[in-house]
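Printed here is upload27.cif (mmCIF, C-alpha atoms):
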```
data_input
#
loop_
_atom_site.label_atom_id
_atom_site.label_comp_id
_atom_site.auth_asym_id
_atom_site.auth_seq_id
_atom_site.Cartn_x
_atom_site.Cartn_y
_atom_site.Cartn_z
CA MET A 1 -50.24 -28.48 50.82
CA ALA A 2 -48.79 -29.46 47.45
CA ALA A 3 -45.32 -28.40 48.56
CA ALA A 4 -45.69 -30.44 51.74
CA ARG A 5 -46.69 -33.53 49.78
CA ARG A 6 -43.84 -33.14 47.34
CA SER A 7 -41.34 -32.88 50.21
CA CYS A 8 -41.85 -36.63 50.74
CA TRP A 9 -40.57 -37.40 47.26
CA SER A 10 -37.33 -37.09 45.38
CA ARG A 11 -36.37 -37.93 41.84
CA SER A 12 -32.94 -39.33 42.54
CA LEU A 13 -31.50 -41.59 45.17
CA ARG A 14 -28.72 -39.08 45.63
CA ASP A 15 -31.28 -36.75 47.18
CA THR A 16 -32.53 -39.56 49.42
CA ASN A 17 -29.31 -40.94 50.87
CA ASP A 18 -26.46 -38.85 49.47
CA GLY A 19 -25.57 -41.55 46.96
CA ALA A 20 -24.73 -44.10 49.63
CA THR A 21 -25.87 -47.71 49.48
CA LEU A 22 -27.92 -48.40 52.58
CA ARG A 23 -28.38 -51.83 54.12
CA HIS A 24 -32.19 -51.83 54.01
CA GLY A 25 -34.86 -50.69 51.59
CA VAL A 26 -38.61 -50.90 51.03
CA LEU A 27 -40.05 -50.98 47.51
CA ILE A 28 -43.71 -50.40 46.61
CA PRO A 29 -44.66 -51.05 42.97
CA THR A 30 -48.04 -49.45 42.28
CA TYR A 31 -50.42 -48.31 39.58
CA ARG A 32 -53.35 -45.94 39.25
CA ARG A 33 -56.16 -48.27 40.28
CA HIS A 34 -54.44 -48.94 43.61
CA GLN A 35 -54.07 -45.30 44.60
CA ARG A 36 -56.18 -45.53 47.75
CA HIS A 37 -54.51 -48.70 48.98
CA TYR A 38 -51.09 -47.30 48.12
CA CYS A 39 -51.71 -44.17 50.19
CA GLY A 40 -52.89 -46.29 53.11
CA LEU A 41 -49.74 -48.44 52.89
CA LEU A 42 -47.54 -45.34 52.89
CA ALA A 43 -49.32 -44.02 55.97
CA SER A 44 -48.84 -47.34 57.79
CA ILE A 45 -45.11 -47.26 57.00
CA PHE A 46 -44.76 -43.63 58.06
CA GLN A 47 -46.42 -44.41 61.39
CA ARG A 48 -43.51 -46.58 62.44
CA SER A 49 -40.71 -44.98 60.41
CA ALA A 50 -39.65 -42.70 63.27
CA ARG A 51 -38.45 -45.72 65.23
CA SER A 52 -37.21 -47.75 62.27
CA GLY A 53 -33.89 -46.08 61.64
CA ARG A 54 -32.52 -45.25 58.23
CA PHE A 55 -33.73 -47.04 55.10
CA VAL A 56 -34.58 -46.28 51.47
CA LEU A 57 -38.28 -46.01 50.71
CA ALA A 58 -39.05 -46.22 47.00
CA SER A 59 -42.12 -46.51 44.78
CA ALA A 60 -42.17 -47.82 41.21
CA PHE A 61 -44.64 -46.28 38.76
CA SER A 62 -45.40 -47.20 35.16
CA SER A 63 -45.12 -43.69 33.72
CA ALA A 64 -44.20 -40.16 34.76
CA ARG A 65 -47.81 -39.14 34.28
CA GLU A 66 -49.06 -41.91 36.56
CA HIS A 67 -46.52 -40.83 39.17
CA GLU A 68 -47.82 -37.25 39.11
CA GLU A 69 -51.49 -38.31 39.22
CA ILE A 70 -51.00 -40.65 42.17
CA LEU A 71 -48.91 -38.08 44.03
CA ALA A 72 -51.53 -35.37 43.50
CA GLY A 73 -54.22 -37.51 45.14
CA CYS A 74 -52.19 -38.99 48.00
CA HIS A 75 -52.02 -37.10 51.29
CA ALA A 76 -50.34 -39.83 53.31
CA CYS A 77 -47.05 -37.96 53.62
CA ALA A 78 -48.31 -34.40 53.90
CA GLY A 79 -46.21 -32.36 56.31
CA ARG A 80 -43.57 -35.07 56.86
CA GLU A 81 -40.39 -33.16 56.11
CA ASP A 82 -38.29 -35.94 57.67
CA ILE A 83 -39.36 -38.54 55.11
CA ARG A 84 -38.18 -38.62 51.53
CA MET A 85 -39.24 -41.17 48.95
CA GLU A 86 -37.63 -42.30 45.75
CA ALA A 87 -39.83 -42.27 42.65
CA LEU A 88 -38.80 -44.84 40.03
CA VAL A 89 -40.50 -44.83 36.62
CA PHE A 90 -40.62 -48.12 34.71
CA ASP A 91 -41.02 -46.76 31.20
CA HIS A 92 -43.11 -49.59 29.76
CA SER A 93 -46.88 -49.41 29.34
CA TYR A 94 -48.93 -52.15 30.99
CA HIS A 95 -51.69 -51.92 28.38
CA ASN A 96 -52.09 -55.18 26.45
CA ARG A 97 -49.51 -56.82 28.68
CA GLN A 98 -49.90 -60.04 30.64
CA LYS A 99 -50.42 -58.84 34.21
CA PHE A 100 -47.99 -61.12 36.05
CA THR A 101 -45.10 -60.98 33.59
CA TYR A 102 -45.40 -57.18 33.55
CA GLN A 103 -45.25 -57.01 37.34
CA CYS A 104 -42.30 -59.40 37.38
CA ALA A 105 -40.32 -57.26 34.92
CA LYS A 106 -41.23 -54.04 36.73
CA LYS A 107 -40.19 -55.32 40.16
CA LEU A 108 -36.89 -56.84 39.03
CA TRP A 109 -36.05 -53.64 37.15
CA ALA A 110 -36.81 -51.52 40.22
CA LEU A 111 -34.76 -53.78 42.52
CA VAL A 112 -31.73 -53.26 40.30
CA GLN A 113 -32.17 -49.46 40.42
CA LEU A 114 -32.49 -49.28 44.20
CA ARG A 115 -29.27 -48.80 46.15
CA ALA A 116 -29.95 -50.98 49.16
CA GLU A 117 -28.43 -54.31 50.11
CA ARG A 118 -31.70 -55.90 51.29
CA VAL A 119 -35.07 -54.79 49.95
CA MET A 120 -38.54 -55.80 51.08
CA ILE A 121 -41.33 -55.47 48.51
CA PHE A 122 -44.87 -54.57 49.51
CA ASP A 123 -47.59 -54.80 46.88
CA SER A 124 -49.63 -51.62 47.00
CA ASP A 125 -52.72 -53.46 48.28
CA PHE A 126 -50.79 -54.49 51.42
CA LEU A 127 -50.79 -52.78 54.81
CA LEU A 128 -48.17 -52.76 57.56
CA MET A 129 -49.82 -53.53 60.88
CA GLY A 130 -49.48 -55.08 64.31
CA ALA A 131 -46.08 -55.40 65.97
CA SER A 132 -43.90 -52.34 66.46
CA THR A 133 -40.61 -54.04 65.51
CA PRO A 134 -38.49 -51.68 63.36
CA ILE A 135 -38.65 -52.35 59.63
CA PRO A 136 -34.89 -53.06 59.18
CA GLN A 137 -35.07 -55.60 62.02
CA MET A 138 -37.99 -57.35 60.32
CA ILE A 139 -36.06 -57.48 57.05
CA ASP A 140 -33.02 -59.05 58.70
CA ARG A 141 -35.09 -61.62 60.60
CA TYR A 142 -36.86 -62.95 57.50
CA ALA A 143 -34.24 -62.23 54.81
CA ARG A 144 -33.20 -65.88 54.39
CA VAL A 145 -36.41 -67.61 55.48
CA GLU A 146 -38.64 -69.44 52.98
CA PHE A 147 -41.81 -71.33 53.75
CA GLU A 148 -42.13 -74.51 51.67
CA THR A 149 -45.76 -74.40 50.61
CA ILE A 150 -47.74 -76.30 47.98
CA SER A 151 -50.42 -74.45 46.05
CA PRO A 152 -53.35 -76.29 44.43
CA VAL A 153 -54.11 -73.35 42.13
CA ALA A 154 -53.49 -74.04 38.42
CA LEU A 155 -51.95 -70.60 37.80
CA ASP A 156 -49.38 -71.14 40.55
CA ASP A 157 -48.43 -74.51 39.13
CA SER A 158 -47.84 -73.00 35.68
CA VAL A 159 -45.64 -70.30 37.25
CA ARG A 160 -43.66 -72.96 39.14
CA LEU A 161 -43.11 -75.03 35.99
CA ALA A 162 -42.10 -71.99 33.91
CA SER A 163 -39.63 -70.86 36.59
CA ASN A 164 -38.08 -74.33 36.80
CA GLN A 165 -37.75 -74.46 33.01
CA LEU A 166 -35.97 -71.11 32.82
CA LEU A 167 -33.61 -71.81 35.71
CA GLY A 168 -32.93 -75.48 34.94
CA THR A 169 -34.25 -76.54 38.35
CA ASN A 170 -36.88 -79.01 39.56
CA PHE A 171 -38.43 -77.59 42.72
CA THR A 172 -41.84 -78.95 43.66
CA ASP A 173 -43.07 -76.33 46.13
CA PHE A 174 -44.44 -72.84 45.48
CA PRO A 175 -42.71 -70.34 47.85
CA LEU A 176 -44.94 -67.27 47.56
CA ASP A 177 -45.50 -66.44 51.23
CA PRO A 178 -44.49 -62.92 52.33
CA PRO A 179 -42.36 -61.19 53.34
CA TRP A 180 -40.76 -60.76 49.94
CA ILE A 181 -37.15 -59.85 50.70
CA PHE A 182 -34.43 -59.60 48.06
CA GLU A 183 -30.64 -59.27 48.26
CA ARG A 184 -29.61 -56.86 45.54
CA THR A 185 -26.38 -58.68 44.64
CA LEU A 186 -28.36 -61.85 43.95
CA VAL A 187 -31.01 -59.92 41.99
CA VAL A 188 -28.24 -58.56 39.75
CA GLN A 189 -26.99 -62.12 39.17
CA LEU A 190 -30.54 -63.28 38.37
CA VAL A 191 -31.05 -60.45 35.89
CA GLY A 192 -27.72 -61.25 34.25
CA PHE A 193 -28.79 -64.90 33.96
CA LEU A 194 -32.16 -63.96 32.40
CA ALA A 195 -30.37 -61.71 29.87
CA ARG A 196 -28.69 -64.73 28.28
CA GLU A 197 -30.17 -65.79 24.95
CA GLU A 198 -29.86 -69.52 25.57
CA VAL A 199 -31.98 -69.34 28.74
CA TRP A 200 -35.10 -68.58 26.69
CA ARG A 201 -34.59 -70.87 23.71
CA GLY A 202 -36.84 -73.61 25.00
CA VAL A 203 -39.63 -71.19 25.93
CA ARG A 204 -40.39 -69.44 22.66
CA ASN A 205 -38.12 -67.86 20.10
CA GLU A 206 -39.59 -64.36 20.34
CA SER A 207 -39.07 -64.39 24.10
CA ALA A 208 -35.31 -64.71 23.79
CA PRO A 209 -33.15 -61.61 24.06
CA SER A 210 -31.84 -60.57 20.65
CA ARG A 211 -28.17 -60.86 19.87
CA GLU A 212 -28.07 -57.07 20.03
CA GLY A 213 -29.57 -57.24 23.51
CA VAL A 214 -26.96 -59.76 24.60
CA ARG A 215 -24.19 -57.55 23.20
CA ASP A 216 -25.72 -54.64 25.13
CA ALA A 217 -25.56 -56.74 28.27
CA VAL A 218 -21.85 -57.33 27.70
CA ASP A 219 -21.00 -53.78 26.62
CA ASP A 220 -23.20 -51.89 29.08
CA GLY A 221 -22.91 -54.04 32.20
CA ILE A 222 -25.94 -54.40 34.43
CA ALA A 223 -27.91 -51.68 32.60
CA GLY A 224 -27.73 -53.61 29.34
CA ALA A 225 -28.46 -56.92 31.07
CA THR A 226 -31.51 -55.36 32.72
CA ARG A 227 -32.85 -54.12 29.38
CA ALA A 228 -32.40 -57.55 27.80
CA ALA A 229 -33.97 -59.38 30.76
CA VAL A 230 -36.94 -56.99 30.94
CA ALA A 231 -37.65 -57.39 27.22
CA ALA A 232 -37.50 -61.18 27.54
CA ILE A 233 -39.79 -61.31 30.59
CA LEU A 234 -42.36 -58.97 29.00
CA SER A 235 -42.63 -61.25 25.98
CA SER A 236 -42.78 -64.48 27.98
CA PRO A 237 -45.77 -66.62 26.91
CA THR A 238 -46.25 -67.93 30.47
CA PRO A 239 -46.81 -65.96 33.71
CA LEU A 240 -43.77 -65.40 35.93
CA PHE A 241 -43.55 -64.25 39.56
CA GLU A 242 -40.37 -62.42 40.50
CA VAL A 243 -40.31 -63.80 44.06
CA VAL A 244 -40.57 -67.42 42.84
CA LEU A 245 -37.84 -66.86 40.26
CA TYR A 246 -35.62 -65.24 42.88
CA ARG A 247 -36.18 -67.90 45.53
CA PHE A 248 -35.60 -70.80 43.13
CA PHE A 249 -32.48 -69.06 41.79
CA ARG A 250 -31.14 -68.49 45.31
CA ARG A 251 -31.74 -72.10 46.36
CA HIS A 252 -29.98 -73.35 43.26
CA HIS A 253 -26.95 -71.06 43.43
CA ARG A 254 -26.67 -70.36 47.18
CA PRO A 255 -28.36 -73.24 49.01
CA GLY A 256 -26.50 -72.40 52.21
CA ASP A 257 -28.13 -68.95 52.31
CA VAL A 258 -31.67 -70.31 52.64
CA ARG A 259 -33.49 -71.57 55.70
CA LEU A 260 -36.43 -73.67 54.49
CA ILE A 261 -39.44 -74.13 56.79
CA LYS A 262 -41.87 -76.82 55.65
CA ALA A 263 -45.54 -75.86 55.87
CA LYS A 264 -47.69 -78.08 58.07
CA THR A 265 -50.80 -77.59 55.96
CA GLU A 266 -51.69 -77.51 52.28
CA GLY A 267 -51.88 -74.14 50.60
CA LEU A 268 -50.15 -70.82 51.04
CA LEU A 269 -49.83 -69.92 54.70
CA PHE A 270 -50.83 -66.27 54.33
CA GLU A 271 -54.11 -67.34 52.72
CA THR A 272 -54.80 -70.09 55.25
CA ALA A 273 -56.92 -69.65 58.37
CA LEU A 274 -54.36 -70.37 61.10
CA SER A 275 -54.92 -70.03 64.83
CA ASP A 276 -52.32 -68.15 66.85
CA ARG A 277 -51.06 -71.46 68.24
CA GLU A 278 -50.67 -72.94 64.75
CA ARG A 279 -48.92 -69.85 63.47
CA GLU A 280 -46.56 -69.61 66.42
CA SER A 281 -45.52 -73.24 65.98
CA TYR A 282 -43.29 -71.95 63.18
CA ASP A 283 -40.02 -70.18 63.97
CA PRO A 284 -40.23 -67.46 62.86
CA PRO A 285 -44.03 -67.39 62.47
CA PRO A 286 -45.57 -66.54 59.08
CA PRO A 287 -46.09 -62.76 59.35
CA ALA A 288 -48.80 -62.22 56.69
CA THR A 289 -52.55 -62.71 56.64
CA THR A 290 -55.56 -61.51 54.64
CA GLN A 291 -58.59 -59.37 55.37
CA ARG A 292 -60.74 -62.41 54.68
CA THR A 293 -58.99 -64.47 57.37
CA LEU A 294 -59.31 -61.67 59.92
CA GLY A 295 -62.97 -61.41 59.01
CA TRP A 296 -63.40 -65.10 59.88
CA GLY A 297 -62.21 -64.30 63.40
CA TYR A 298 -58.65 -65.65 63.15
CA CYS A 299 -56.79 -62.93 65.03
CA CYS A 300 -53.08 -62.88 64.40
CA ARG A 301 -50.81 -61.50 67.12
CA ALA A 302 -47.68 -62.42 65.14
CA CYS A 303 -48.79 -60.80 61.86
CA TRP A 304 -47.48 -57.50 60.57
CA ILE A 305 -48.48 -57.72 56.89
CA LEU A 306 -52.12 -57.47 55.82
CA THR A 307 -52.70 -58.51 52.19
CA HIS A 308 -55.44 -58.49 49.55
CA LEU A 309 -57.00 -55.14 50.48
CA ASP A 310 -58.32 -54.90 46.92
CA ARG A 311 -60.18 -58.20 46.97
CA ALA A 312 -63.96 -58.01 46.58
CA HIS A 313 -64.51 -60.78 49.13
CA ALA A 314 -62.98 -58.76 52.00
CA PRO A 315 -65.11 -58.71 55.22
CA THR A 316 -67.94 -56.19 55.15
CA THR A 317 -69.15 -55.95 58.75
CA THR A 318 -66.72 -57.10 61.41
CA SER A 319 -63.00 -57.68 61.51
CA CYS A 320 -60.60 -59.29 63.94
CA ILE A 321 -57.95 -56.65 64.46
CA PRO A 322 -54.59 -57.38 66.13
CA ALA A 323 -53.81 -55.12 69.06
CA GLY A 324 -51.94 -52.02 67.95
CA LEU A 325 -53.32 -51.96 64.39
CA GLN A 326 -54.08 -48.45 63.20
CA LEU A 327 -55.79 -48.57 59.83
CA PRO A 328 -55.28 -45.12 58.27
CA HIS A 329 -58.20 -43.22 56.81
CA LEU A 330 -58.46 -43.81 53.09
CA PRO A 331 -58.61 -40.59 51.03
CA GLY A 332 -61.70 -40.00 48.92
CA PRO A 333 -65.47 -40.14 49.38
CA CYS A 334 -65.51 -43.11 51.77
CA ARG A 335 -63.49 -43.49 54.95
CA ILE A 336 -63.15 -46.58 57.11
CA ASN A 337 -62.76 -46.04 60.85
CA ARG A 338 -61.65 -48.89 63.07
CA SER A 339 -61.56 -48.80 66.86
CA VAL A 340 -58.79 -50.82 68.44
CA LEU A 341 -59.99 -52.35 71.69
CA SER A 342 -57.93 -53.82 74.51
CA GLY A 343 -58.81 -57.35 73.43
CA GLY A 344 -57.49 -56.74 69.93
CA ARG A 345 -60.92 -56.74 68.28
CA GLY A 346 -62.65 -53.90 66.51
CA ARG A 347 -65.75 -53.22 64.44
CA LEU A 348 -66.10 -51.41 61.15
CA LYS A 349 -68.00 -48.15 61.43
CA GLY A 350 -69.76 -46.47 58.54
CA LYS A 351 -70.00 -48.02 55.10
CA PRO A 352 -69.02 -51.64 54.53
CA HIS A 353 -65.71 -52.25 52.75
CA ASN A 354 -67.14 -52.99 49.29
CA GLU A 355 -69.28 -49.84 49.30
CA CYS A 356 -66.16 -47.73 49.76
CA PHE A 357 -65.14 -48.37 46.18
CA GLN A 358 -68.49 -47.79 44.51
CA ALA A 359 -67.48 -44.20 43.77
CA ASP A 360 -64.17 -45.18 42.17
CA PRO A 361 -63.92 -44.63 38.39
CA GLY A 362 -64.01 -47.98 36.70
CA TYR A 363 -65.42 -49.82 39.72
CA ARG A 364 -68.53 -51.04 37.90
CA GLY A 365 -66.36 -52.33 35.05
CA TYR A 366 -64.16 -54.14 37.55
CA ARG A 367 -67.20 -55.80 39.17
CA LYS A 368 -68.52 -56.81 35.74
CA LYS A 369 -65.19 -58.44 34.89
CA LEU A 370 -65.14 -60.14 38.29
CA GLN A 371 -68.60 -61.62 37.78
CA ALA A 372 -67.64 -62.80 34.28
CA ASN A 373 -64.63 -64.60 35.73
CA VAL A 374 -66.78 -66.19 38.44
CA THR A 375 -69.08 -67.57 35.76
CA ARG A 376 -66.16 -68.78 33.64
CA LEU A 377 -64.40 -70.51 36.48
CA GLY A 378 -67.58 -72.10 37.82
CA LYS A 379 -66.90 -74.40 40.73
CA GLU A 380 -63.11 -73.98 40.83
CA ARG A 381 -62.05 -73.47 44.44
CA SER A 382 -58.88 -73.01 46.44
CA HIS A 383 -58.00 -75.28 49.36
CA LEU A 384 -60.19 -73.16 51.64
CA GLY A 385 -63.26 -73.58 49.46
CA THR A 386 -63.29 -69.94 48.43
CA VAL A 387 -62.64 -68.08 45.19
CA PRO A 388 -59.20 -68.83 43.70
CA ARG A 389 -56.53 -66.15 43.48
CA ASN A 390 -56.48 -66.22 39.68
CA LEU A 391 -60.07 -64.97 39.73
CA TYR A 392 -58.71 -61.44 39.70
CA THR A 393 -56.49 -61.66 36.63
#
```
Take the structure from the file and write it as structure tokens.
Amino acid sequence: MAAARRSCWSRSLRDTNDGATLRHGVLIPTYRRHQRHYCGLLASIFQRSARSGRFVLASAFSSAREHEEILAGCHACAGREDIRMEALVFDHSYHNRQKFTYQCAKKLWALVQLRAERVMIFDSDFLLMGASTPIPQMIDRYARVEFETISPVALDDSVRLASNQLLGTNFTDFPLDPPWIFERTLVVQLVGFLAREEVWRGVRNESAPSREGVRDAVDDGIAGATRAAVAAILSSPTPLFEVVLYRFFRRHHRPGDVRLIKAKTEGLLFETALSDRERESYDPPPPATTQRTLGWGYCCRACWILTHLDRAHAPTTTSCIPAGLQLPHLPGPCRINRSVLSGGRGRLKGKPHNECFQADPGYRGYRKKLQANVTRLGKERSHLGTVPRNLYT
């Protein structure tokens, strides 16, 4: 079994695609606490990979040890000799790091390493579901689409302001809605921009790349620029989101490459309870939703990304499931079975969602931290009147 699992992985892109740069790629940054969700996401991708054509499938880990531990416990790709994954190791510890700046640095670093022209990022608590459209076709359809959304959450506003300050822009929206698709050539330009010392001067002196780092960027090309940019992002005093940085940078430098779609409601579309008619009034329709929204009964025929699988407020009894969704069994002591009915609705069988993680190491500590944050934040609410996203920082 171990040999079968390892056949899904490779340690170099040369093993994956013979050194060629492919047009499409999928990147999954993950870490140890998300192992179950990560394995479920892999399984959902593998289910449709046979009809998706050729693309690079890569995962970014935070250490070689973490890579081995996650691989040892993930059976999603057992026996799939036709699928090979790229394992990228971001050699920076996330201990004592600000969560969002760490993730931003890790994702930008991984995007530079991946040899694919267009790359879609899935967070490891996402799931691919619904429509059977091939992955490369999805990437091409949404590659240049951005939804202009306004977020009332304080964290999002601080990220927007910090991104504008770094890039010298003045955008007022917060474009976080999936899918998160990146063009590698533009990512390389963004990393080169962030490697410049003067970009960080107004933020905080210790955040700026050192003169040695800037010289590295000149002498060592993109590798040196990546090192300098990663060091600067990791020491940033304010949170940064890679997708917001990328989208603001693209609008500023390549405005003709972006198709902006203005949201018709306040808040991020993937976190908003939209009816099918409201969602399909957009062209193309927003393709992402949350477990919470499905649990409220807002079925989504157009959705193919399910987000926030790690959120404690996920539905616990019933769920509105789009037709064709096959939620893979999660490895470990608790399994969730969902029946897909002709009407597109299903019911959870067995233990409720939250109980499935009671056996996880560290779960009780996570709940304790969650409750402490609830108390600290008090009556702060998102536009839907529910817990804000920054509750889970």
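Computed from the coordinates, the atom CA of Tyr246 of chain A to atom CA of Arg23 of chain A distance equals 18.9 Å.
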Quiz item: When you draw a straight line from atom CA of His92 of chain A to atom CA of Leu306 of chain A, how long is it in Å?
Solution: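 According to the coordinates, atom CA of His92 of chain A and atom CA of Leu306 of chain A are separated by 28.7 Å.
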Quiz item: Closest to Leu309 of chain A among A:Leu114, A:Ala72, A:Leu41, A:Val187, using only C-alpha atoms?
Solution: A:Leu41
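Residues matched by the PyMOL selection byres ((chain A and resi 139) around 10) in this structure: A:Arg23, A:His24, A:Gly25, A:Val26, A:Arg118, A:Val119, A:Met120, A:Pro134, A:Ile135, A:Pro136, A:Gln137, A:Met138, A:Asp140, A:Arg141, A:Tyr142, A:Ala143, A:Arg144, A:Pro179, A:Trp180, A:Ile181, A:Phe182.
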Determine, using all atoms listed in the file, which residues of segment 145-185 of chain A have any atom at most 10 Å from an atom of segment 283-303 of chain A, and tabulate each with its shortest atom pair and distance in Å to one decimal place, rows ordered by chain and then rising number, as a tab-separated table.
```
residue	atom	partner	partner_atom	distance
A:Val145	CA	A:Pro284	CA	8.3
A:Glu146	CA	A:Pro286	CA	9.7
A:Phe147	CA	A:Pro286	CA	8.1
A:Asp177	CA	A:Ala288	CA	7.6
A:Pro178	CA	A:Ala288	CA	6.2
A:Pro179	CA	A:Pro287	CA	7.2
```
Exercise. Report the distance between atom CA of Leu194 of chain A and atom CA of Ala229 of chain A in Å, rounded to one decimal place.
Key: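 Atom CA of Leu194 of chain A sits 5.2 Å away from atom CA of Ala229 of chain A.
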Self-check item: Given the PyMOL selection byres ((chain A and resi 110-112) around 7), the residues it picks as a ChimeraX atom specification
Solution: /A:60,88,106-109,113-114,184,187-188
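Among the candidate residues A:Lys99, A:Arg251, A:Lys264, A:Arg32, the one lying nearest to Arg65 of chain A is A:Arg32, with distances computed using only C-alpha atoms.
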Quiz item: Got a sec to resolve the PyMOL selection byres ((chain A and resi 265) around 12) on this structure and send the residues as number ranges by chain?
Solution: A: 147-152, 261-264, 266-274, 278-279, 282, 383-384
Quiz item: Once you count all atoms listed in the file, which residues end up no further than 12 Å from (-42.9, -54.7, 34.0) in the file's frame, shown as number ranges by chain?
Solution: A: 29-31, 60-63, 89-111, 226-227, 229-236, 239-242
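The smallest atom-to-atom distance between Thr169 of chain A and any of A:His252, A:His75, A:His37, A:Arg201, using all atoms listed in the file, is found for A:His252.
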